[in-house]
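Visitor: My questions all concern the structure below.
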Amino acid sequence: MYLWGMLFLCVGSCGVALSTSLQSLLFWRFVQAFGCAGALSLGAGVIGDIYKLEERGTVSLLGNTAAPFLGGAATQYWSWRNLHYSIGAWGLVEMFLIYLSFLEMSHPGTLGIDKVTHRRWIHITSINPLSSLWLLRSPNLFVVMLASALMANTFYVLLVPIAHTICVRYGITNKAIIGACFLPSRLGSFTGSLVAGRLSDNVVRRWREKRRGVWCPEDCLRAMWIRGLFIVPLSVGALGLIATYIGVPIGLALNILCIYANGVGVDSVVTPIYSYNVDIVHSRSTEATAACMASWLFIISATTTLIIPLIECIGVVWMDIIVAVFAAIGQGLIFLTIRYGDRMRASMDVSFSTMENNRQIDLHVSQGKQCIITNICGTIHPPLPIG
C-alpha cells in the first residue's frame, strides 16, 4: 500500500506542477491526496500490531510542523510548481527507502508467510473500497467519528480562512509569513500528540489496576475531557473575538496563542480516538480507522466550503462561536461513549476486541520484538506461533 501510494503521490505532484487550468489542478490534487490517504489509516493498524495495549496512545502522528511555512516560503521566493516537483521527487525517495525497509522487516518463519502459495506476478483481486464504512453501524465507532469530526473541524475553521481573517486584520501580505502563521498550530499538534498519547496510556494502566486487570476500551478516552471540553472550544471562540476587537501587537500575539492552543487541543482529542479505534476492533483496526477518517474528512470537506460564505454572512465572531458550540457537543458525545460504551457495543457487535485476544496480541508483540532483537544480533530464535 505504501509503495503504490507513493507512486500516485509522485504522479499527482507532477500533474499539479504541470496544471494549466483549475480543472486539471483539482484533478491532480485529487490524485496526489489519493496517494497519501492510505498511509494515514494503515499507519494506525501498524501501530496496533507492533505496540502493546498500554503503548498505542504514545505512538501517534506528530504533525507536519514545518510544512506550511516551507510551502509559503517556496511560493513567495521560489515557485509553487517547483514545490510540487520537489514533493514528487521526495515521494520517489520515500518509495525507494520503503522498498529497502521491507527486506529488513521480513523475518522468515515468524509469521507463516513462507507457507503461503505463491501467486502469479500479476494478480488482480476485486475489492469494494466502501465496505469498511459498514463498520460505522457500530454506535461506538460512529459516535467517536462524529465527535472527532466536530472537534477537528475547529482546526480547519481557524486555518483555512487565515489569509482572509487574521492576515487581513493585521496587514500581513507576505506569503512566507502567512505560511508561518500555521506554525503555532503544527507545533501545538506536535505537543498535543505527545502529551495526549502519554496521558492516555497512563489512564489505561491506572484504570486496569483499579479493576484488578479488567480492561475497558473506553478508558483511553478518559484523558481527553479537559482538552475537548475547554481548550478546543475556547481557543476557536476566543480567536474570533480577539481578531475583531483587539489590534496589533497584542491581538496578533493572542491569536497565535489561540492557534497553538487549538493545535494542542485537537491532537489531544484525535490521538486517543485513533487509539480507541485500534483497541476496540483490533482484527479490523485499519478498516475502522479508514472508515472513521474518511467519514470525518468528508464532513470537514463539506463544512470547509461554507467557511468563507459564513464569514461574509454572519462575521468571523459568530461563525467561530457556532463551531465552538459544536466542538463542545462533540466532547459530550465522548462522555456518553465512556459512560455507556459497554451497552453500545452490546447493541451491535462488529467483532469487537476482548481482553483475551488483546492479551494474546500483547504476547505476540513482545515475542516479535524479542525476535527482531535476536535476529539483529545474529542469534537464531525459534519461530513465533501463529495465534
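Residue numbers start at 1 in each chain; chains themselves are named A, B, ... in the order of the C-alpha cells; ligands are numbered from 1 in the order shown.
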Can you pull out the residues contacting region 154-170 of chain A? Cut-off 8 Å, using only C-alpha atoms, and skip same-chain residues under 4 positions away; I want them as a CSV table (one decimal) with N, CA, C and O atoms, in the first residue's frame.
Guide:
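And here is the file that came out, result-v1.csv:
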```csv
chain,number,residue,atom,x,y,z
A,150,LEU,N,-16.4,16.9,14.7
A,150,LEU,CA,-16.8,18.2,15.2
A,150,LEU,C,-15.7,19.0,15.8
A,150,LEU,O,-15.6,20.2,15.7
A,178,ILE,N,2.5,34.4,6.0
A,178,ILE,CA,1.2,33.8,6.1
A,178,ILE,C,1.4,32.3,6.4
A,178,ILE,O,0.7,31.7,7.2
A,182,PHE,N,0.8,29.3,10.3
A,182,PHE,CA,0.4,27.9,10.5
A,182,PHE,C,1.3,27.2,11.5
A,182,PHE,O,0.9,26.2,12.0
A,232,VAL,N,-10.3,23.2,23.2
A,232,VAL,CA,-10.7,23.3,21.8
A,232,VAL,C,-11.8,24.3,21.6
A,232,VAL,O,-11.7,25.2,20.7
A,233,PRO,N,-12.9,24.3,22.3
A,233,PRO,CA,-13.9,25.3,22.1
A,233,PRO,C,-13.5,26.7,22.4
A,233,PRO,O,-13.8,27.6,21.7
A,236,VAL,N,-11.1,28.4,19.7
A,236,VAL,CA,-11.7,28.9,18.5
A,236,VAL,C,-12.6,30.0,18.8
A,236,VAL,O,-12.8,30.9,18.0
A,243,ALA,N,-9.6,38.7,17.2
A,243,ALA,CA,-9.3,39.2,15.8
A,243,ALA,C,-10.2,40.4,15.5
A,243,ALA,O,-9.8,41.3,14.7
A,244,THR,N,-11.4,40.4,16.1
A,244,THR,CA,-12.3,41.5,15.8
A,244,THR,C,-12.1,42.8,16.6
A,244,THR,O,-12.2,43.9,16.1
A,247,GLY,N,-6.3,45.0,18.5
A,247,GLY,CA,-5.4,45.3,17.4
A,247,GLY,C,-4.0,44.8,17.7
A,247,GLY,O,-3.7,44.1,18.7
A,248,VAL,N,-3.1,45.1,16.8
A,248,VAL,CA,-1.7,44.7,17.0
A,248,VAL,C,-1.0,45.6,18.0
A,248,VAL,O,-1.4,46.7,18.3
A,252,LEU,N,-2.5,40.2,17.7
A,252,LEU,CA,-1.8,39.2,16.9
A,252,LEU,C,-1.1,38.1,17.8
A,252,LEU,O,-1.2,36.9,17.5
A,255,ASN,N,-3.8,35.8,19.1
A,255,ASN,CA,-4.3,34.9,18.1
A,255,ASN,C,-3.4,33.8,17.8
A,255,ASN,O,-3.8,32.6,17.7
A,259,ILE,N,-4.2,29.8,18.3
A,259,ILE,CA,-3.9,28.8,17.2
A,259,ILE,C,-3.1,27.7,17.8
A,259,ILE,O,-3.3,26.5,17.5
A,262,ASN,N,-5.3,25.6,20.1
A,262,ASN,CA,-6.2,24.7,19.3
A,262,ASN,C,-5.5,23.5,18.7
A,262,ASN,O,-6.0,22.4,18.7
A,263,GLY,N,-4.2,23.7,18.3
A,263,GLY,CA,-3.4,22.5,17.8
A,263,GLY,C,-3.2,21.5,18.9
A,263,GLY,O,-3.3,20.3,18.7
A,266,VAL,N,-6.8,19.8,19.6
A,266,VAL,CA,-7.4,18.9,18.6
A,266,VAL,C,-6.6,17.6,18.6
A,266,VAL,O,-7.2,16.6,18.5
A,300,ILE,N,-15.8,17.3,7.1
A,300,ILE,CA,-15.0,18.5,7.2
A,300,ILE,C,-14.8,19.2,5.8
A,300,ILE,O,-14.9,20.4,5.7
A,304,THR,N,-15.9,22.9,5.2
A,304,THR,CA,-14.9,23.9,4.8
A,304,THR,C,-15.4,24.8,3.7
A,304,THR,O,-15.0,26.0,3.6
A,307,ILE,N,-17.0,28.0,5.0
A,307,ILE,CA,-16.4,28.9,5.9
A,307,ILE,C,-16.4,30.3,5.4
A,307,ILE,O,-16.8,31.3,6.1
A,308,ILE,N,-15.9,30.6,4.2
A,308,ILE,CA,-15.8,31.9,3.7
A,308,ILE,C,-17.2,32.5,3.5
A,308,ILE,O,-17.4,33.7,3.9
A,316,VAL,N,-16.9,36.7,11.5
A,316,VAL,CA,-16.0,35.6,12.0
A,316,VAL,C,-16.3,35.3,13.5
A,316,VAL,O,-16.1,34.2,13.9
A,320,ASP,N,-17.2,31.5,14.6
A,320,ASP,CA,-16.3,30.7,15.5
A,320,ASP,C,-17.0,30.3,16.7
A,320,ASP,O,-16.8,29.2,17.3
A,323,VAL,N,-19.0,27.1,15.8
A,323,VAL,CA,-18.1,26.0,15.7
A,323,VAL,C,-17.7,25.5,17.1
A,323,VAL,O,-17.6,24.3,17.3
A,324,ALA,N,-17.4,26.5,18.0
A,324,ALA,CA,-17.0,26.1,19.3
A,324,ALA,C,-18.1,25.3,20.1
A,324,ALA,O,-17.9,24.4,20.8
A,327,ALA,N,-18.1,21.9,18.8
A,327,ALA,CA,-17.0,21.1,19.4
A,327,ALA,C,-17.3,20.6,20.8
A,327,ALA,O,-16.9,19.5,21.2
```
Visitor: Residues of region 114-341 of chain A classed as helix (DSSP H, G or I) by DSSP on the backbone are to be reported as an MDAnalysis selection string.
Guide: chainID A and resid 114:115 131:137 139:159 166:169 175:180 183:210 217:245 250:280 282:304 307:314 316:341
Visitor: Sort by chain and increasing residue number a table of all residues of region 199-273 of chain A within 10 Å of region 140-147 of chain A, each with its closest pair of atoms and their distance in Å to one decimal, counting only C-alpha atoms, and write it as CSV.
Guide:
```
residue,atom,partner,partner_atom,distance
A:Glu218,CA,A:Asn140,CA,9.5
A:Leu221,CA,A:Val144,CA,9.7
A:Gly228,CA,A:Ala147,CA,9.6
A:Val269,CA,A:Ala147,CA,9.3
A:Val270,CA,A:Ala147,CA,9.3
A:Ile273,CA,A:Val144,CA,6.8
```
Visitor: One decimal, Å: what's the distance from CA of Ala291 (chain A) over to CA of Leu133 (chain A), could you say?
Guide: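 Computing the Euclidean distance for CA of Ala291 (chain A) and CA of Leu133 (chain A) yields 4.9 Å.
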Visitor: Restricting the calculation to only C-alpha atoms: of A:Val350, A:Val93, A:Met319, A:Leu254, which residue gets closest to Ala288 (chain A)?
Guide: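 Of the candidates, the smallest distance to Ala288 (chain A) is held by A:Val350.
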Visitor: So that I can see what lies close to Phe30 (chain A), please list as a list of chain:residue names the residues with an atom at most 12 Å from it, counting only C-alpha atoms and leaving out residues fewer than 3 positions away in the same chain.
Guide: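 That gives A:Phe8, A:Leu9, A:Val11, A:Gly12, A:Ser13, A:Gly15, A:Val16, A:Gln23, A:Ser24, A:Leu25, A:Leu26, A:Phe27, A:Ala33, A:Phe34, A:Gly35, A:Cys36, A:Ala37.
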Visitor: Restrict the selected residues to all heavy atoms and save them as a short mmCIF file (atom, residue, chain, number, x, y, z; two decimals), in the first residue's frame.
Guide:
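So the final result, stored in again14.cif, reads:
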```
data_model
loop_
_atom_site.label_atom_id
_atom_site.label_comp_id
_atom_site.auth_asym_id
_atom_site.auth_seq_id
_atom_site.Cartn_x
_atom_site.Cartn_y
_atom_site.Cartn_z
N PHE A 8 1.29 7.06 -6.75
CA PHE A 8 0.23 8.04 -7.04
C PHE A 8 0.63 9.44 -6.59
O PHE A 8 0.31 10.43 -7.25
CB PHE A 8 -1.08 7.62 -6.36
CG PHE A 8 -1.85 6.58 -7.11
CD1 PHE A 8 -1.76 5.23 -6.77
CD2 PHE A 8 -2.67 6.94 -8.16
CE1 PHE A 8 -2.47 4.27 -7.46
CE2 PHE A 8 -3.40 5.99 -8.86
CZ PHE A 8 -3.30 4.64 -8.51
N LEU A 9 1.33 9.53 -5.44
CA LEU A 9 1.78 10.82 -4.96
C LEU A 9 2.73 11.48 -5.95
O LEU A 9 2.60 12.68 -6.26
CB LEU A 9 2.47 10.65 -3.61
CG LEU A 9 3.20 11.89 -3.06
CD1 LEU A 9 2.22 13.01 -2.77
CD2 LEU A 9 4.00 11.53 -1.81
N VAL A 11 3.07 10.89 -9.26
CA VAL A 11 2.36 11.25 -10.49
C VAL A 11 1.48 12.48 -10.25
O VAL A 11 1.44 13.42 -11.05
CB VAL A 11 1.54 10.06 -11.00
CG1 VAL A 11 0.67 10.47 -12.19
CG2 VAL A 11 2.45 8.91 -11.38
N GLY A 12 0.75 12.47 -9.12
CA GLY A 12 -0.13 13.59 -8.82
C GLY A 12 0.62 14.89 -8.62
O GLY A 12 0.17 15.95 -9.07
N SER A 13 1.78 14.83 -7.97
CA SER A 13 2.57 16.04 -7.73
C SER A 13 3.07 16.63 -9.04
O SER A 13 3.02 17.86 -9.25
CB SER A 13 3.75 15.72 -6.82
OG SER A 13 3.31 15.26 -5.56
N GLY A 15 1.63 16.18 -11.92
CA GLY A 15 0.45 16.69 -12.60
C GLY A 15 0.05 18.06 -12.09
O GLY A 15 -0.34 18.95 -12.87
N VAL A 16 0.13 18.26 -10.77
CA VAL A 16 -0.19 19.57 -10.19
C VAL A 16 0.77 20.63 -10.72
O VAL A 16 0.37 21.74 -11.09
CB VAL A 16 -0.13 19.50 -8.65
CG1 VAL A 16 -0.20 20.91 -8.06
CG2 VAL A 16 -1.27 18.66 -8.11
N GLN A 23 -9.47 23.10 -13.54
CA GLN A 23 -9.98 21.72 -13.60
C GLN A 23 -8.85 20.70 -13.49
O GLN A 23 -8.95 19.73 -12.72
CB GLN A 23 -10.76 21.51 -14.90
CG GLN A 23 -12.07 22.27 -15.00
CD GLN A 23 -11.87 23.72 -15.41
OE1 GLN A 23 -10.74 24.17 -15.65
NE2 GLN A 23 -12.97 24.47 -15.47
N SER A 24 -7.78 20.91 -14.23
CA SER A 24 -6.66 19.97 -14.17
C SER A 24 -5.97 20.04 -12.81
O SER A 24 -5.51 19.02 -12.27
CB SER A 24 -5.65 20.26 -15.29
OG SER A 24 -5.10 21.56 -15.15
N LEU A 25 -5.90 21.23 -12.22
CA LEU A 25 -5.28 21.37 -10.90
C LEU A 25 -6.06 20.57 -9.86
O LEU A 25 -5.47 19.83 -9.06
CB LEU A 25 -5.24 22.85 -10.50
CG LEU A 25 -4.70 23.14 -9.10
CD1 LEU A 25 -3.23 22.76 -9.00
CD2 LEU A 25 -4.90 24.61 -8.76
N LEU A 26 -7.40 20.68 -9.88
CA LEU A 26 -8.22 19.94 -8.92
C LEU A 26 -8.11 18.44 -9.13
O LEU A 26 -8.06 17.67 -8.16
CB LEU A 26 -9.68 20.39 -9.03
CG LEU A 26 -9.98 21.84 -8.61
CD1 LEU A 26 -11.44 22.16 -8.84
CD2 LEU A 26 -9.61 22.05 -7.14
N PHE A 27 -8.04 18.00 -10.37
CA PHE A 27 -7.93 16.56 -10.65
C PHE A 27 -6.62 16.00 -10.12
O PHE A 27 -6.60 14.98 -9.43
CB PHE A 27 -8.04 16.31 -12.16
CG PHE A 27 -7.75 14.89 -12.53
CD1 PHE A 27 -8.69 13.89 -12.35
CD2 PHE A 27 -6.50 14.54 -13.07
CE1 PHE A 27 -8.41 12.56 -12.69
CE2 PHE A 27 -6.22 13.22 -13.42
CZ PHE A 27 -7.18 12.24 -13.22
N ALA A 33 -3.63 13.56 -3.31
CA ALA A 33 -4.19 13.22 -1.99
C ALA A 33 -4.53 11.74 -1.90
O ALA A 33 -4.39 11.12 -0.83
CB ALA A 33 -5.43 14.07 -1.73
N PHE A 34 -4.98 11.14 -3.00
CA PHE A 34 -5.29 9.71 -3.03
C PHE A 34 -4.05 8.89 -2.68
O PHE A 34 -4.13 7.88 -1.97
CB PHE A 34 -5.82 9.34 -4.41
CG PHE A 34 -6.18 7.88 -4.56
CD1 PHE A 34 -7.41 7.41 -4.12
CD2 PHE A 34 -5.29 6.99 -5.13
CE1 PHE A 34 -7.74 6.08 -4.25
CE2 PHE A 34 -5.61 5.65 -5.26
CZ PHE A 34 -6.84 5.19 -4.83
N GLY A 35 -2.90 9.32 -3.16
CA GLY A 35 -1.67 8.59 -2.87
C GLY A 35 -1.26 8.69 -1.42
O GLY A 35 -0.63 7.76 -0.88
N CYS A 36 -1.60 9.79 -0.75
CA CYS A 36 -1.21 9.98 0.65
C CYS A 36 -2.20 9.35 1.62
O CYS A 36 -1.82 9.01 2.75
CB CYS A 36 -1.09 11.46 0.97
SG CYS A 36 0.11 12.36 -0.01
N ALA A 37 -3.47 9.23 1.22
CA ALA A 37 -4.52 8.90 2.17
C ALA A 37 -4.36 7.52 2.79
O ALA A 37 -4.61 7.33 3.99
CB ALA A 37 -5.89 9.01 1.48
#
```
Visitor: Any idea what's packed within 6 Å of region 78-89 of chain A, counting only C-alpha atoms, ignoring anything in its chain fewer than 4 positions away? Could you give it as a ChimeraX atom specification?
Guide: /A:10,13-14,17,74
Visitor: Store the residues picked out above in a file with N, CA and C atoms, as a PDB file, in the first residue's frame.
Guide:
```
ATOM      1  N   CYS A  10       3.672  10.717  -6.484  1.00  0.00           N
ATOM      2  CA  CYS A  10       4.639  11.267  -7.440  1.00  0.00           C
ATOM      3  C   CYS A  10       3.954  11.737  -8.717  1.00  0.00           C
ATOM      4  N   SER A  13       1.782  14.830  -7.971  1.00  0.00           N
ATOM      5  CA  SER A  13       2.569  16.038  -7.733  1.00  0.00           C
ATOM      6  C   SER A  13       3.071  16.632  -9.042  1.00  0.00           C
ATOM      7  N   CYS A  14       3.545  15.772  -9.939  1.00  0.00           N
ATOM      8  CA  CYS A  14       3.985  16.265 -11.257  1.00  0.00           C
ATOM      9  C   CYS A  14       2.806  16.826 -12.045  1.00  0.00           C
ATOM     10  N   ALA A  17       2.048  20.295 -10.759  1.00  0.00           N
ATOM     11  CA  ALA A  17       3.045  21.252 -11.221  1.00  0.00           C
ATOM     12  C   ALA A  17       2.847  21.643 -12.690  1.00  0.00           C
ATOM     13  N   ALA A  74       8.325  28.756  -0.211  1.00  0.00           N
ATOM     14  CA  ALA A  74       8.584  28.324  -1.584  1.00  0.00           C
ATOM     15  C   ALA A  74       7.720  29.099  -2.573  1.00  0.00           C
TER      16      ALA A  74
END
```
